[in-house]
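Let me begin by presenting the structure, written as structure tokens, before commenting on it.
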Amino acid sequence: MTQYLLSVAMTDGAPPRPPGEMQAAYEQVDRFNSELQSTGSWVFAGGLMPASSATVVRADGDEILVTDGPFTESKEHIGGFWVIEAPDLDAALAWASKATRACMQPVEVRPFQENPET
Amino acid sequence: MPGGPGGERVVDIERIFREEYGRAVSVLIRAFGDIDLAEEGVQDAFTIAATRWPESGLPPSPAGWIITTARNRILDRLRREACRADRQAQAALLHQRDARDEELTVHDDRLRLMFTCCHPALAPEARVALTLRLLGGLSTAEIARAFVVPESTMAQRLVRSKAKIRDAGIPYRVPSSAELPDRLRSVLAVIYLVFNEGYAATSGDQLGREDLGAEAIRLGELLAALMPDEPEVLGLLALMVLIAARRPARSGADGALVPLPEQDRTLWDPRLITRGQELVRASLRRNIPGRYQLQAAINAVHSDAVSAADTDWSQILALYDQLLALEPSPVVALNRAVAVAEVRGAEAGLTALDGLPLEAYYLLHAVRADFLHRLGRCTEAVAEYDVARALTANEAEQALLARARNAAAGSPGR
């Protein structure tokens, strides 16, 4: 089993989705989460506040520098994510296909480095 | 011993390398779960064969000998490395393999390898490179030359895509029946892309590209042998074989392209035409039409006509109607317009071109120019030929367009 990060890209400054659509997405994501949990593929998941709320901390010699803003100036930032367990990429892509339909945003699939099983 | 010393046997080893490389690598990838390990083992085995076979003669089963020798080389290496750090990694790998053994017995390993190399999670150019490398046994240098990129770029592309297969966990198996149609489409697209690179020759060195065409047909034959019940697999093979049959007539003595209506049909390869037509019939018998089958059927109709004037254009138009319904793309619509003009006249052809979003595609202008010329609207035809010529970088196409333009400019008409 490998763990995969399924992350949801959000575009900064994109017009807010109509309330009905938001509500639908919430409900679909809830159902998706239940399915993940019932099959034992769920590890962790969460939604994030907008990237404008991010703070970057970095060590510079002895000092710690704290700056406003996300890492990159990209227009797209992670808006939420799942960590799942899957036997291979095809299984992870099958979950991601359900995820993107549920949240109605593109989903990036990326494997974790360590094999957490051993 | 017959023949001179060495000569024939060296050729033999090369031929066996090309024929058996993919099989050996695919078997060993399944055994060891590691592409690089499998490739190195097989290459080592061929190096040993190159020194041993000229003296000892060919073993009864060269492929079996290569696989056994490669397997032993890999096991030796793993034993040496197991004494070092990565015993744990190997244990994990073998465990993963046991869990899948049942599924793994059903298919030829080369089929698994095709689906892995053509996985949609890999970039299209990576799928092509991996397929040619691992299944075709082409060297990195050969693939780089055929696709006109520096060898270092191609080497990097191969390393990166093999790393993605490993790191992302792209599986080594034939997809389940639910996934199969999509995934097979990707495999067919890769093979057809290799074929088109070989035959369209938009750029790059001619010789390397003709090899690509032959390689694509070889991959198509392999896939047809492994999946004989998939009509689109047969359709793609038929399409490639029928196009290849016309190759001797495609270029004139001066190397210029000869368009289909002007080709000397006695130069077409009758053996390939027969084979292609048999494949078309075999695929259509299953009654699940697809884009490759329909394109192959269109080519089969062309290959039936002893002269351009004998072409059964109404049948071709009917096939294009089906193809367009299945795959409503502007390029298909453009090709259909050519058939429309043959069946209903150039005016109807012009109407069929209206609104196609292909203004940047030279063939749209070349086709429109031809229709205009036929209608005697020569000034407009010349202007369209000029637009077409400015839109292609292919010198052979440019020469063809220049000739047609001059013919239009010299004709009486408006």
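Chain labels follow the order of the structure tokens: the first chain is A, the next B, and so on; residue numbering restarts at 1 in every chain, and ligands are counted from 1 in their shown order.
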
Can you list, as a ChimeraX atom specification, all residues belonging to range 49-93 of chain A that DSSP tags as strand (DSSP E)?
/A:55-60,63-68,76-86

So which residues of chain A fall under alpha helix (DSSP H) by DSSP, listed as an NGL selection string?
:A and (19-38 or 89-103)

Report the closest atom pair, with its distance in Å rounded to one decimal, for each residue of range 5-35 of chain A that has an atom no farther than 12 Å from range 84-94 of chain A; count only C-alpha atoms, sort by chain and then rising residue number, and write it as a Markdown table.
```
| residue | atom | partner | partner_atom | distance |
| --- | --- | --- | --- | --- |
| A:Leu5 | CA | A:Ile84 | CA | 6.6 |
| A:Leu6 | CA | A:Ile84 | CA | 7.6 |
| A:Ser7 | CA | A:Ile84 | CA | 10.9 |
| A:Asn33 | CA | A:Ile84 | CA | 10.5 |
| A:Glu35 | CA | A:Ile84 | CA | 11.8 |
```

What's the 12 Å shell around Leu48 in chain A, counting only C-alpha atoms, without same-chain residues fewer than 5 positions away, as a list in words?
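Residues near the query, excluding close chain neighbours: Ser7, Val8, Ala9, Met10, Ser53, Ala54, His77, Ile78, Gly79, Gly80, Phe81 and Trp82 of chain A.
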
Find the distance between CA of Ala168 in chain B and CA of Gly220 in chain B and write it in Å to one decimal.
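Going from CA of Ala168 in chain B over to CA of Gly220 in chain B, I get 27.8 Å.
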
Could you pull the residues within 9 Å of range 36-41 of chain B, counting only C-alpha atoms, minus those fewer than 3 positions along the same chain, as a PyMOL selection string?
chain B and resi 21+24-33+44-46+67+69-74+134+162

May I have the residues of chain B within 7 Å of chain A, counting only C-alpha atoms, written as a PyMOL selection string?
chain B and resi 167-171

Restricting the calculation to only C-alpha atoms, which member of B:Leu350, B:Met227, B:Ala146, B:Val338 is positioned closest to Ala381 in chain B?
B:Leu350

Residue contacts of range 299-307 of chain B (9 Å, only C-alpha atoms) excluding same-chain residues fewer than 4 positions away, as a PyMOL selection string
chain B and resi 238-239+242-243+245-246+260-261+263-266+268+273+276-277+280+294-295+311-313+315-316

Just give me the gap between CA of Glu230 in chain B and CA of Glu278 in chain B in Å, one decimal is fine.
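For CA of Glu230 in chain B relative to CA of Glu278 in chain B, the distance reads 15.1 Å.
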
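The coordinates place CA of Ile16 in chain B at 15.6 Å from CA of Leu219 in chain B.
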
Quick one: residues within 8 Å of Thr11 in chain A, only C-alpha atoms counted, chain neighbours fewer than 3 positions away excluded, as a VMD selection string?
chain A and resid 14 75 to 77
